[in-house]
file run38.tsv (TSV, C-alpha atoms and all ligand atoms)
chain	number	residue	atom	x	y	z
A	1206	MET	CA	6.82	14.61	-40.55
A	1207	GLN	CA	6.54	11.36	-38.63
A	1208	ARG	CA	5.27	12.06	-35.13
A	1209	ASP	CA	7.26	10.58	-32.31
A	1210	LEU	CA	4.88	8.41	-30.33
A	1211	ILE	CA	7.40	7.58	-27.61
A	1212	ALA	CA	8.19	11.25	-26.97
A	1213	GLU	CA	4.51	12.15	-26.89
A	1214	ILE	CA	3.12	9.49	-24.60
A	1215	PRO	CA	2.93	10.49	-20.95
A	1216	LYS	CA	4.82	7.90	-18.96
A	1217	ALA	CA	5.41	6.61	-15.45
A	1218	GLU	CA	8.78	5.36	-14.22
A	1219	LEU	CA	8.62	2.74	-11.45
A	1220	HIS	CA	12.17	1.41	-11.27
A	1221	LEU	CA	14.73	4.16	-10.86
A	1222	HIS	CA	17.51	4.36	-8.30
A	1223	ILE	CA	18.21	8.00	-7.56
A	1224	GLU	CA	21.88	7.20	-6.90
A	1225	GLY	CA	21.95	5.67	-10.39
A	1226	THR	CA	21.11	9.03	-11.97
A	1227	LEU	CA	24.41	10.58	-10.86
A	1228	GLU	CA	25.93	11.71	-14.17
A	1229	PRO	CA	29.75	11.93	-14.29
A	1230	GLU	CA	29.55	15.74	-14.67
A	1231	LEU	CA	27.67	16.11	-11.37
A	1232	MET	CA	29.79	13.41	-9.71
A	1233	LEU	CA	32.97	15.33	-10.49
A	1234	ALA	CA	31.43	18.65	-9.46
A	1235	LEU	CA	30.24	17.24	-6.13
A	1236	GLY	CA	33.60	15.51	-5.62
A	1237	GLU	CA	35.24	18.90	-5.92
A	1238	ARG	CA	32.64	20.71	-3.80
A	1239	ASN	CA	33.00	18.15	-1.00
A	1240	ARG	CA	36.71	17.36	-1.42
A	1241	VAL	CA	36.02	13.68	-2.03
A	1242	ARG	CA	38.62	11.90	-4.13
A	1243	LEU	CA	37.27	9.89	-7.05
A	1244	PRO	CA	38.99	7.23	-9.16
A	1245	TYR	CA	38.36	9.46	-12.24
A	1246	SER	CA	39.43	13.00	-13.04
A	1247	THR	CA	37.42	13.51	-16.23
A	1248	VAL	CA	33.95	12.68	-17.52
A	1249	GLU	CA	35.52	10.55	-20.25
A	1250	GLU	CA	37.52	8.51	-17.76
A	1251	ALA	CA	34.39	7.86	-15.73
A	1252	ARG	CA	32.39	6.77	-18.77
A	1253	GLU	CA	35.19	4.49	-19.89
A	1254	ALA	CA	35.00	2.72	-16.53
A	1255	TYR	CA	31.31	1.93	-17.11
A	1256	GLU	CA	31.95	-1.42	-18.79
A	1257	PHE	CA	30.23	-4.05	-16.70
A	1258	THR	CA	30.31	-7.83	-16.78
A	1259	ASP	CA	27.53	-8.50	-14.26
A	1260	LEU	CA	25.52	-6.87	-11.47
A	1261	GLN	CA	28.39	-6.89	-8.95
A	1262	SER	CA	30.86	-5.20	-11.30
A	1263	PHE	CA	28.32	-2.38	-11.66
A	1264	LEU	CA	27.51	-2.13	-7.96
A	1265	ASN	CA	31.19	-1.63	-7.08
A	1266	ILE	CA	31.35	1.44	-9.31
A	1267	TYR	CA	27.89	2.67	-8.31
A	1268	TYR	CA	28.75	2.64	-4.59
A	1269	ASP	CA	32.05	4.41	-5.35
A	1270	GLY	CA	30.21	7.19	-7.17
A	1271	ALA	CA	27.70	7.66	-4.34
A	1272	GLN	CA	30.53	8.69	-1.99
A	1273	VAL	CA	30.41	12.26	-3.29
A	1274	LEU	CA	26.88	12.66	-1.85
A	1275	LEU	CA	27.26	14.20	1.60
A	1276	THR	CA	24.87	17.08	2.22
A	1277	GLU	CA	21.17	17.79	1.90
A	1278	GLU	CA	22.03	20.10	-1.00
A	1279	ASP	CA	23.85	17.25	-2.80
A	1280	PHE	CA	20.76	15.04	-2.58
A	1281	TYR	CA	18.60	17.92	-3.75
A	1282	ASP	CA	20.86	18.60	-6.75
A	1283	LEU	CA	21.00	14.91	-7.68
A	1284	THR	CA	17.23	14.49	-7.50
A	1285	TRP	CA	16.43	17.74	-9.26
A	1286	ALA	CA	18.76	16.86	-12.15
A	1287	TYR	CA	16.90	13.57	-12.64
A	1288	LEU	CA	13.49	15.25	-12.47
A	1289	GLU	CA	14.39	17.87	-15.07
A	1290	ARG	CA	15.70	15.10	-17.31
A	1291	ALA	CA	12.55	13.05	-16.67
A	1292	ARG	CA	10.37	15.98	-17.72
A	1293	ARG	CA	12.11	16.00	-21.11
A	1294	ASP	CA	11.11	12.34	-21.54
A	1295	ASN	CA	7.50	13.23	-20.71
A	1296	ILE	CA	7.54	11.32	-17.44
A	1297	VAL	CA	4.56	12.54	-15.44
A	1298	HIS	CA	4.91	10.19	-12.47
A	1299	ALA	CA	8.00	8.60	-10.90
A	1300	GLU	CA	8.38	6.18	-7.99
A	1301	ILE	CA	11.97	6.56	-6.93
A	1302	PHE	CA	14.25	4.21	-5.00
A	1303	PHE	CA	16.91	5.39	-2.60
A	1304	ASP	CA	19.50	3.37	-0.65
A	1305	PRO	CA	19.78	4.95	2.83
A	1306	GLN	CA	22.36	2.43	4.05
A	1307	THR	CA	24.80	3.48	1.30
A	1308	HIS	CA	24.86	6.90	2.94
A	1309	THR	CA	24.30	6.33	6.65
A	1310	GLU	CA	27.16	3.77	6.68
A	1311	ARG	CA	29.45	6.67	5.65
A	1312	GLY	CA	28.16	8.86	8.44
A	1313	VAL	CA	25.74	10.91	6.34
A	1314	PRO	CA	22.66	11.70	8.45
A	1315	LEU	CA	19.45	10.12	7.14
A	1316	GLN	CA	17.85	13.54	7.61
A	1317	ALA	CA	20.12	15.03	4.90
A	1318	VAL	CA	19.29	12.20	2.49
A	1319	VAL	CA	15.52	12.25	2.91
A	1320	SER	CA	15.11	16.02	3.25
A	1321	GLY	CA	17.23	16.73	0.18
A	1322	ILE	CA	15.44	14.18	-2.00
A	1323	ARG	CA	11.99	15.15	-0.72
A	1324	ALA	CA	12.54	18.87	-1.26
A	1325	ALA	CA	13.34	18.21	-4.92
A	1326	LEU	CA	10.36	15.86	-5.29
A	1327	ASP	CA	8.06	18.46	-3.78
A	1328	ALA	CA	9.43	21.18	-6.09
A	1329	ALA	CA	8.88	18.87	-9.08
A	1330	GLY	CA	5.19	18.67	-8.27
A	1331	SER	CA	4.71	22.41	-8.49
A	1332	GLU	CA	7.39	23.41	-11.02
A	1333	LEU	CA	7.51	20.46	-13.43
A	1334	GLY	CA	4.08	18.88	-13.03
A	1335	ILE	CA	5.59	15.52	-12.08
A	1336	THR	CA	4.10	13.52	-9.23
A	1337	THR	CA	6.46	11.30	-7.30
A	1338	SER	CA	6.83	8.91	-4.43
A	1339	LEU	CA	9.82	7.56	-2.60
A	1340	ILE	CA	10.72	3.90	-1.91
A	1341	LEU	CA	13.39	2.98	0.64
A	1342	CYS	CA	15.52	0.04	-0.52
A	1343	PHE	CA	17.37	-2.28	1.81
A	1344	LEU	CA	20.82	-3.44	0.66
A	1345	ARG	CA	20.47	-7.21	0.52
A	1346	HIS	CA	24.23	-7.85	0.82
A	1347	LEU	CA	24.01	-6.46	4.37
A	1348	SER	CA	22.34	-8.33	7.24
A	1349	ALA	CA	18.65	-8.53	8.05
A	1350	ALA	CA	19.41	-6.87	11.40
A	1351	GLN	CA	20.98	-3.92	9.57
A	1352	ALA	CA	17.91	-3.68	7.32
A	1353	MET	CA	15.66	-3.68	10.39
A	1354	ALA	CA	17.75	-0.88	11.91
A	1355	ALA	CA	17.47	1.10	8.66
A	1356	LEU	CA	13.70	0.65	8.72
A	1357	GLU	CA	13.44	1.81	12.32
A	1358	GLU	CA	15.65	4.80	11.65
A	1359	ALA	CA	13.31	5.81	8.80
A	1360	LEU	CA	10.11	5.67	10.86
A	1361	PRO	CA	10.20	9.42	11.67
A	1362	TRP	CA	9.98	9.98	7.87
A	1363	ARG	CA	7.06	7.55	7.50
A	1364	GLU	CA	4.93	10.17	5.70
A	1365	ALA	CA	7.67	10.93	3.15
A	1366	ILE	CA	8.16	7.31	2.05
A	1367	VAL	CA	5.51	5.17	0.36
A	1368	GLY	CA	7.21	1.80	0.25
A	1369	VAL	CA	10.19	-0.44	0.81
A	1370	GLY	CA	12.27	-2.41	-1.68
A	1371	LEU	CA	15.23	-4.74	-1.85
A	1372	ASP	CA	18.26	-4.18	-4.06
A	1373	SER	CA	22.03	-4.80	-4.41
A	1374	SER	CA	23.74	-8.20	-4.87
A	1375	GLU	CA	20.95	-10.69	-5.56
A	1376	ILE	CA	22.55	-14.13	-5.78
A	1377	GLY	CA	23.11	-15.61	-2.32
A	1378	ASN	CA	20.81	-13.01	-0.71
A	1379	PRO	CA	17.30	-14.42	-1.23
A	1380	PRO	CA	14.18	-12.51	-0.21
A	1381	SER	CA	13.65	-15.05	2.62
A	1382	LYS	CA	16.57	-13.38	4.45
A	1383	PHE	CA	14.35	-10.29	4.90
A	1384	THR	CA	10.99	-11.82	5.82
A	1385	ALA	CA	10.87	-10.28	9.31
A	1386	VAL	CA	11.93	-6.84	8.03
A	1387	PHE	CA	9.19	-6.82	5.41
A	1388	ASP	CA	6.63	-8.09	7.96
A	1389	ARG	CA	7.47	-5.08	10.09
A	1390	ALA	CA	7.48	-2.70	7.12
A	1391	ARG	CA	4.04	-3.85	5.97
A	1392	ALA	CA	2.73	-3.51	9.54
A	1393	GLU	CA	3.97	0.11	9.48
A	1394	GLY	CA	2.02	0.68	6.26
A	1395	PHE	CA	4.87	0.61	3.72
A	1396	LEU	CA	4.07	-0.97	0.35
A	1397	PRO	CA	6.55	-3.75	-0.44
A	1398	VAL	CA	8.41	-4.33	-3.70
A	1399	ALA	CA	11.59	-6.31	-4.37
A	1400	HIS	CA	14.24	-6.86	-6.99
A	1401	ALA	CA	14.01	-10.53	-7.92
A	1402	GLY	CA	14.80	-12.65	-10.96
A	1403	GLU	CA	17.35	-10.21	-12.43
A	1404	GLU	CA	20.32	-12.55	-11.88
A	1405	GLY	CA	18.64	-14.70	-9.26
A	1406	PRO	CA	16.45	-17.76	-9.98
A	1407	PRO	CA	12.65	-17.92	-10.26
A	1408	SER	CA	12.50	-19.21	-6.67
A	1409	TYR	CA	13.51	-15.71	-5.53
A	1410	ILE	CA	10.45	-14.30	-7.32
A	1411	TRP	CA	8.21	-16.82	-5.54
A	1412	GLU	CA	9.81	-15.80	-2.23
A	1413	ALA	CA	9.35	-12.09	-2.95
A	1414	LEU	CA	5.65	-12.71	-3.57
A	1415	ASP	CA	4.95	-15.25	-0.83
A	1416	LEU	CA	7.32	-14.18	1.96
A	1417	LEU	CA	7.67	-10.43	1.42
A	1418	GLY	CA	4.20	-9.75	-0.01
A	1419	ALA	CA	5.81	-7.87	-2.93
A	1420	ARG	CA	3.26	-5.83	-4.89
A	1421	ARG	CA	5.64	-5.53	-7.83
A	1422	ILE	CA	8.70	-7.45	-8.93
A	1423	ASP	CA	11.66	-5.34	-10.02
A	1424	HIS	CA	13.20	-6.93	-13.13
A	1425	GLY	CA	11.66	-10.42	-12.84
A	1426	VAL	CA	12.87	-11.39	-16.30
A	1427	ARG	CA	13.98	-14.88	-15.22
A	1428	CYS	CA	10.33	-15.79	-14.52
A	1429	LEU	CA	10.18	-17.31	-18.01
A	1430	GLU	CA	12.16	-20.28	-16.72
A	1431	ASP	CA	9.19	-21.35	-14.58
A	1432	GLU	CA	5.87	-21.92	-16.33
A	1433	ARG	CA	3.85	-22.03	-13.10
A	1434	LEU	CA	5.35	-18.73	-12.05
A	1435	VAL	CA	4.48	-17.08	-15.36
A	1436	GLU	CA	0.90	-18.24	-14.89
A	1437	ARG	CA	0.80	-16.83	-11.35
A	1438	LEU	CA	2.20	-13.48	-12.50
A	1439	ARG	CA	-0.31	-13.38	-15.36
A	1440	VAL	CA	-3.38	-14.28	-13.31
A	1441	GLU	CA	-2.49	-11.83	-10.54
A	1442	GLN	CA	-1.20	-9.21	-13.00
A	1443	VAL	CA	1.82	-8.58	-10.81
A	1444	PRO	CA	3.70	-5.68	-12.42
A	1445	LEU	CA	7.25	-6.44	-13.57
A	1446	THR	CA	9.47	-3.35	-13.72
A	1447	VAL	CA	11.69	-4.38	-16.61
A	1448	CYS	CA	14.83	-2.36	-17.47
A	1449	PRO	CA	15.99	-3.30	-20.99
A	1450	LEU	CA	19.19	-1.25	-21.32
A	1451	SER	CA	20.23	-2.18	-17.78
A	1452	ASN	CA	19.82	-5.87	-18.58
A	1453	VAL	CA	22.13	-5.57	-21.57
A	1454	LYS	CA	24.76	-3.47	-19.74
A	1455	LEU	CA	24.83	-6.01	-16.88
A	1456	ARG	CA	24.83	-8.92	-19.33
A	1457	VAL	CA	21.56	-10.48	-18.21
A	1458	PHE	CA	21.11	-10.60	-22.00
A	1459	ASP	CA	24.09	-10.37	-24.33
A	1460	ARG	CA	22.35	-8.16	-26.89
A	1461	ILE	CA	19.20	-6.05	-26.82
A	1462	GLU	CA	17.84	-8.30	-29.60
A	1463	ASP	CA	17.97	-11.20	-27.12
A	1464	HIS	CA	15.82	-9.43	-24.52
A	1465	THR	CA	12.64	-11.30	-23.59
A	1466	LEU	CA	10.45	-8.24	-22.97
A	1467	ALA	CA	8.30	-8.87	-26.04
A	1468	ARG	CA	7.76	-12.49	-24.96
A	1469	LEU	CA	6.74	-11.37	-21.47
A	1470	LEU	CA	4.27	-8.97	-23.04
A	1471	ASP	CA	2.93	-11.66	-25.38
A	1472	ARG	CA	2.35	-13.92	-22.37
A	1473	GLY	CA	-0.05	-11.31	-20.98
A	1474	LEU	CA	2.16	-10.15	-18.12
A	1475	CYS	CA	1.95	-6.62	-16.72
A	1476	VAL	CA	5.31	-5.50	-18.11
A	1477	THR	CA	6.56	-1.95	-17.59
A	1478	VAL	CA	9.65	-0.22	-19.03
A	1479	ASN	CA	12.11	1.60	-16.79
A	1480	SER	CA	15.65	2.97	-16.79
A	1481	ASP	CA	17.06	1.60	-13.47
A	1482	ASP	CA	20.38	3.52	-13.27
A	1483	PRO	CA	20.37	5.66	-16.40
A	1484	ALA	CA	23.61	7.56	-15.73
A	1485	TYR	CA	25.45	4.23	-15.82
A	1486	PHE	CA	23.46	2.30	-18.41
A	1487	GLY	CA	23.45	4.78	-21.28
A	1488	GLY	CA	19.82	5.81	-21.55
A	1489	TYR	CA	16.87	7.39	-19.80
A	1490	LEU	CA	13.31	6.20	-20.14
A	1491	ASN	CA	12.60	7.14	-23.76
A	1492	ALA	CA	15.85	5.49	-24.85
A	1493	ASN	CA	14.62	2.28	-23.21
A	1494	TYR	CA	11.29	2.53	-25.04
A	1495	ARG	CA	13.14	3.16	-28.33
A	1496	ALA	CA	15.38	0.14	-27.77
A	1497	VAL	CA	12.27	-1.99	-27.26
A	1498	ARG	CA	10.64	-0.59	-30.39
A	1499	ASP	CA	13.69	-0.90	-32.61
A	1500	ALA	CA	15.26	-4.16	-31.45
A	1501	LEU	CA	12.20	-6.13	-30.35
A	1502	ALA	CA	9.72	-4.87	-32.94
A	1503	VAL	CA	7.18	-3.80	-30.33
A	1504	ASP	CA	4.60	-1.82	-32.33
A	1505	ALA	CA	2.59	1.27	-31.39
A	1506	ASP	CA	-0.09	-0.77	-29.61
A	1507	GLY	CA	2.62	-2.56	-27.63
A	1508	LEU	CA	4.30	0.70	-26.65
A	1509	ILE	CA	0.99	2.11	-25.46
A	1510	ARG	CA	0.35	-1.10	-23.53
A	1511	LEU	CA	3.72	-0.74	-21.79
A	1512	ALA	CA	2.98	2.87	-20.87
A	1513	ARG	CA	-0.51	1.92	-19.61
A	1514	ASN	CA	1.02	-0.78	-17.43
A	1515	GLY	CA	3.30	1.87	-15.91
A	1516	PHE	CA	0.29	3.74	-14.54
A	1517	VAL	CA	-1.70	0.61	-13.69
A	1518	GLY	CA	1.28	-0.81	-11.79
A	1519	SER	CA	1.99	2.42	-9.91
A	1520	PHE	CA	1.00	3.22	-6.36
A	1521	LEU	CA	-1.17	6.12	-7.51
A	1522	ASP	CA	-4.78	6.17	-6.31
A	1523	ALA	CA	-7.57	5.04	-8.63
A	1524	GLY	CA	-8.59	8.56	-9.63
A	1525	ALA	CA	-5.06	9.59	-10.62
A	1526	LYS	CA	-4.61	6.35	-12.56
A	1527	ARG	CA	-7.84	7.00	-14.45
A	1528	ARG	CA	-6.77	10.54	-15.37
A	1529	HIS	CA	-3.35	9.40	-16.61
A	1530	LEU	CA	-4.85	6.53	-18.61
A	1531	ALA	CA	-7.39	8.89	-20.22
A	1532	ALA	CA	-4.57	11.27	-21.23
A	1533	LEU	CA	-2.62	8.34	-22.62
A	1534	ASP	CA	-5.65	7.17	-24.59
A	1535	ARG	CA	-5.97	10.61	-26.19
A	1536	VAL	CA	-2.35	10.48	-27.42
A	1537	ALA	CA	-2.84	6.89	-28.60
A	1538	ALA	CA	-5.96	7.87	-30.53
A	1539	ALA	CA	-4.13	10.78	-32.18
A	1540	HIS	CA	-1.56	8.26	-33.41
A	1541	GLY	CA	-4.16	5.78	-34.56
A	1542	ALA	CA	-3.05	3.22	-32.00
A	1543	SER	CA	-5.93	1.13	-30.73
A	1544	LEU	CA	-6.06	0.15	-27.15
A	1545	THR	CA	-8.08	0.37	-24.01
A	1601	LIG	N1	19.82	-4.47	-9.18
A	1601	LIG	C1	20.24	-4.58	-7.93
A	1601	LIG	N2	20.68	-3.55	-7.23
A	1601	LIG	C2	20.70	-2.36	-7.79
A	1601	LIG	C3	20.28	-2.18	-9.08
A	1601	LIG	C4	19.79	-3.28	-9.81
A	1601	LIG	O1	19.35	-3.21	-10.96
A	1601	LIG	N3	20.43	-0.86	-9.36
A	1601	LIG	C5	20.91	-0.27	-8.26
A	1601	LIG	N4	21.08	-1.18	-7.30
A	1602	ZN	ZN	17.19	-1.72	-9.92
call {"tool": "encode", "arguments": {"input": "run38.tsv", "output": "structure tokens", "more": "lines below"}}
Ligand code: HPA
Ligand code: ZN
result
Amino acid sequence: MQRDLIAEIPKAELHLHIEGTLEPELMLALGERNRVRLPYSTVEEAREAYEFTDLQSFLNIYYDGAQVLLTEEDFYDLTWAYLERARRDNIVHAEIFFDPQTHTERGVPLQAVVSGIRAALDAAGSELGITTSLILCFLRHLSAAQAMAALEEALPWREAIVGVGLDSSEIGNPPSKFTAVFDRARAEGFLPVAHAGEEGPPSYIWEALDLLGARRIDHGVRCLEDERLVERLRVEQVPLTVCPLSNVKLRVFDRIEDHTLARLLDRGLCVTVNSDDPAYFGGYLNANYRAVRDALAVDADGLIRLARNGFVGSFLDAGAKRRHLAALDRVAAAHGASLT
């Protein structure tokens, strides 16, 4: 029997929005539990609505779905469901985004959001053997002042949150809008990352690096339009958290065969594979790896390289990275893949 390399390699996931793991089944159950009306009454109806034409058409539906999340228990259930699913994909480390403003704007206390998510993350460490960290994302369609307020509100949970990110509607909301917020976040010890170059131009990636101090670029696929930028990303080995199935669902690329992930890898960039919002985009992490293998002809060495980059690009300490890379090397060796 052919062994399944993708299933067997231990993996890290670095680009995952916890609100984007809300499966229709749980959405409907929470809608009922909390008496929140949804635009769908069945799982099938919800899935049929998940036909997107661009980022904004997705975000509208994603923010609608998040309305069922009200209590600490809801955030626990959401997060635990993802972590159990992640375990099945052999994810051993996950750095997870959450969007506090999506919830606090509706009157949900930040305490319920963070405590519920954190409790599930802590349980995953002991019960599933998955290490995790939490990254607070600012909604870039809202103002810089609102982002600053969200940051200040989160300071009491400083120890529970490793970093800050930037998500939501990219075009028209460049990283430069959030320079002061990220200055403050870095001064408070948060590690900065930012979505850039998903729909937005390469100049947004430059801004994320130069103005926000981003340690990783989320998506970043449009970097290929700027040769100097590719060189910068290569020399500095800035991790790109690429999300292949997301990019096809949101029409960044028309077909998976058109995705530039293999080209980014060939250019020597630190490319990682991630699932972004798997409940909406039709696949968790292993499905993204399989899409890359099948449609882009990335071979076993390439798949191992992508998994290695996931650990290298993580915010784990050097010792933990070394242990994960050694475990990965053992699986690679068992499959005859060559790579160090
Ligand atoms: N891009 C921007 N905002 C988002 C995304 C994304 O991929 N997923 C959830 N919010
Ligand atoms: Zn994202």
call {"tool": "closest_residue", "arguments": {"input": "run38.tsv", "among": "A:Arg1290, A:Arg1437, A:Arg1391, A:Arg1238", "to": "Ile1410 of chain A", "atoms": "all atoms listed in the file"}}
result
A:Arg1437
call {"tool": "closest_atom_pairs", "arguments": {"input": "run38.tsv", "of": "chain A", "to": "ligand ZN 1602 (chain A)", "cutoff": "10 Å", "atoms": "all atoms listed in the file", "output": "CSV"}}
result
residue,atom,partner,partner_atom,distance
A:Leu1219,CA,A:ZN1602,ZN,9.8
A:His1220,CA,A:ZN1602,ZN,6.1
A:Leu1221,CA,A:ZN1602,ZN,6.4
A:His1222,CA,A:ZN1602,ZN,6.3
A:Gly1225,CA,A:ZN1602,ZN,8.8
A:Leu1260,CA,A:ZN1602,ZN,9.9
A:Phe1302,CA,A:ZN1602,ZN,8.2
A:Cys1342,CA,A:ZN1602,ZN,9.7
A:Gly1370,CA,A:ZN1602,ZN,9.6
A:Leu1371,CA,A:ZN1602,ZN,8.8
A:Asp1372,CA,A:ZN1602,ZN,6.4
A:Ser1373,CA,A:ZN1602,ZN,8.0
A:Ala1399,CA,A:ZN1602,ZN,9.1
A:His1400,CA,A:ZN1602,ZN,6.6
A:Ala1401,CA,A:ZN1602,ZN,9.6
A:Glu1403,CA,A:ZN1602,ZN,8.9
A:Asp1423,CA,A:ZN1602,ZN,6.6
A:His1424,CA,A:ZN1602,ZN,7.3
A:Thr1446,CA,A:ZN1602,ZN,8.8
A:Val1447,CA,A:ZN1602,ZN,9.1
A:Cys1448,CA,A:ZN1602,ZN,7.9
A:Ser1451,CA,A:ZN1602,ZN,8.4
A:Asn1452,CA,A:ZN1602,ZN,10.0
A:Asn1479,CA,A:ZN1602,ZN,9.2
A:Ser1480,CA,A:ZN1602,ZN,8.5
A:Asp1481,CA,A:ZN1602,ZN,4.9
A:Asp1482,CA,A:ZN1602,ZN,7.0
call {"tool": "closest_residue", "arguments": {"input": "run38.tsv", "among": "A:Tyr1409, A:Tyr1287, A:Phe1395, A:Phe1303", "to": "Pro1379 of chain A", "atoms": "only C-alpha atoms"}}
result
A:Tyr1409
call {"tool": "axis_aligned_box", "arguments": {"input": "run38.tsv", "around": "ligand LIG 1601 (chain A)", "padding_each_side": "5 Å", "output": "AutoDock Vina command-line options"}}
result
--center_x 20.2 --center_y -2.4 --center_z -9.1 --size_x 11.7 --size_y 14.3 --size_z 13.7
call {"tool": "residues_around", "arguments": {"input": "run38.tsv", "residues": "segment 1349-1359 of chain A", "least_positions_apart": "3", "cutoff": "8 Å", "atoms": "only C-alpha atoms", "output": "MDAnalysis selection string"}}
result
chainID A and resid 1305:1306 1315 1343:1345 1362:1363 1382:1383 1386 1390
call {"tool": "closest_residue", "arguments": {"input": "run38.tsv", "among": "A:Pro1449, A:Gly1312, A:Pro1215, A:Pro1407", "to": "Arg1427 of chain A", "atoms": "only C-alpha atoms"}}
result
A:Pro1407
call {"tool": "atom_distance", "arguments": {"input": "run38.tsv", "atom1": "atom CA of Val1318 of chain A", "atom2": "atom CA of Phe1280 of chain A"}}
result
6.0 Å
call {"tool": "residues_near_point", "arguments": {"input": "run38.tsv", "point": "(16.2, 3.9, -22.0)", "cutoff": "8 Å", "atoms": "all atoms listed in the file", "output": "JSON, numbers by chain"}}
result
{"A": [1448, 1449, 1450, 1479, 1480, 1483, 1487, 1488, 1489, 1490, 1491, 1492, 1493, 1494, 1495, 1496]}
call {"tool": "write_last_selection", "arguments": {"input": "run38.tsv", "atoms": "C-alpha atoms", "output": "mmCIF file, in the coordinates of the input"}}
result
data_model
loop_
_atom_site.group_PDB
_atom_site.id
_atom_site.type_symbol
_atom_site.label_atom_id
_atom_site.label_comp_id
_atom_site.auth_asym_id
_atom_site.auth_seq_id
_atom_site.Cartn_x
_atom_site.Cartn_y
_atom_site.Cartn_z
ATOM 1 C CA CYS A 1448 14.830 -2.360 -17.470
ATOM 2 C CA PRO A 1449 15.990 -3.300 -20.990
ATOM 3 C CA LEU A 1450 19.190 -1.250 -21.320
ATOM 4 C CA ASN A 1479 12.110 1.600 -16.790
ATOM 5 C CA SER A 1480 15.650 2.970 -16.790
ATOM 6 C CA PRO A 1483 20.370 5.660 -16.400
ATOM 7 C CA GLY A 1487 23.450 4.780 -21.280
ATOM 8 C CA GLY A 1488 19.820 5.810 -21.550
ATOM 9 C CA TYR A 1489 16.870 7.390 -19.800
ATOM 10 C CA LEU A 1490 13.310 6.200 -20.140
ATOM 11 C CA ASN A 1491 12.600 7.140 -23.760
ATOM 12 C CA ALA A 1492 15.850 5.490 -24.850
ATOM 13 C CA ASN A 1493 14.620 2.280 -23.210
ATOM 14 C CA TYR A 1494 11.290 2.530 -25.040
ATOM 15 C CA ARG A 1495 13.140 3.160 -28.330
ATOM 16 C CA ALA A 1496 15.380 0.140 -27.770
#
call {"tool": "closest_residue", "arguments": {"input": "run38.tsv", "among": "A:Arg1468, A:Arg1528, A:Arg1513, A:Arg1311", "to": "Ile1214 of chain A", "atoms": "all atoms listed in the file"}}
result
A:Arg1513
call {"tool": "closest_residue", "arguments": {"input": "run38.tsv", "among": "A:Thr1384, A:Asn1265, A:Thr1247, A:Asn1295", "to": "ligand LIG 1601 (chain A)", "atoms": "all atoms listed in the file"}}
result
A:Asn1265
call {"tool": "atom_distance", "arguments": {"input": "run38.tsv", "atom1": "atom N1 of ligand LIG 1601 (chain A)", "atom2": "atom CA of Trp1411 of chain A"}}
result
17.3 Å
call {"tool": "residues_near_point", "arguments": {"input": "run38.tsv", "point": "(-3.3, 14.3, -19.8)", "cutoff": "12 Å", "atoms": "all atoms listed in the file", "output": "list of chain:residue names"}}
result
A:Glu1213, A:Ile1214, A:Pro1215, A:Lys1216, A:Asn1295, A:Ile1296, A:Val1297, A:His1298, A:Gly1334, A:Ile1335, A:Ala1525, A:Lys1526, A:Arg1527, A:Arg1528, A:His1529, A:Leu1530, A:Ala1531, A:Ala1532, A:Leu1533, A:Asp1534, A:Arg1535, A:Val1536, A:Ala1537
call {"tool": "closest_residue", "arguments": {"input": "run38.tsv", "among": "A:Phe1520, A:Leu1414, A:Cys1475, A:Arg1433", "to": "Gly1507 of chain A", "atoms": "only C-alpha atoms"}}
result
A:Cys1475
call {"tool": "residues_around", "arguments": {"input": "run38.tsv", "residues": "Leu1429 of chain A", "least_positions_apart": "3", "cutoff": "12 Å", "atoms": "all atoms listed in the file", "output": "ChimeraX atom specification"}}
result
/A:1402-1403,1406-1408,1410,1424-1426,1432-1439,1464-1472,1474
call {"tool": "atom_distance", "arguments": {"input": "run38.tsv", "atom1": "atom CA of Ala1542 of chain A", "atom2": "atom CA of Ile1509 of chain A"}}
result
7.8 Å
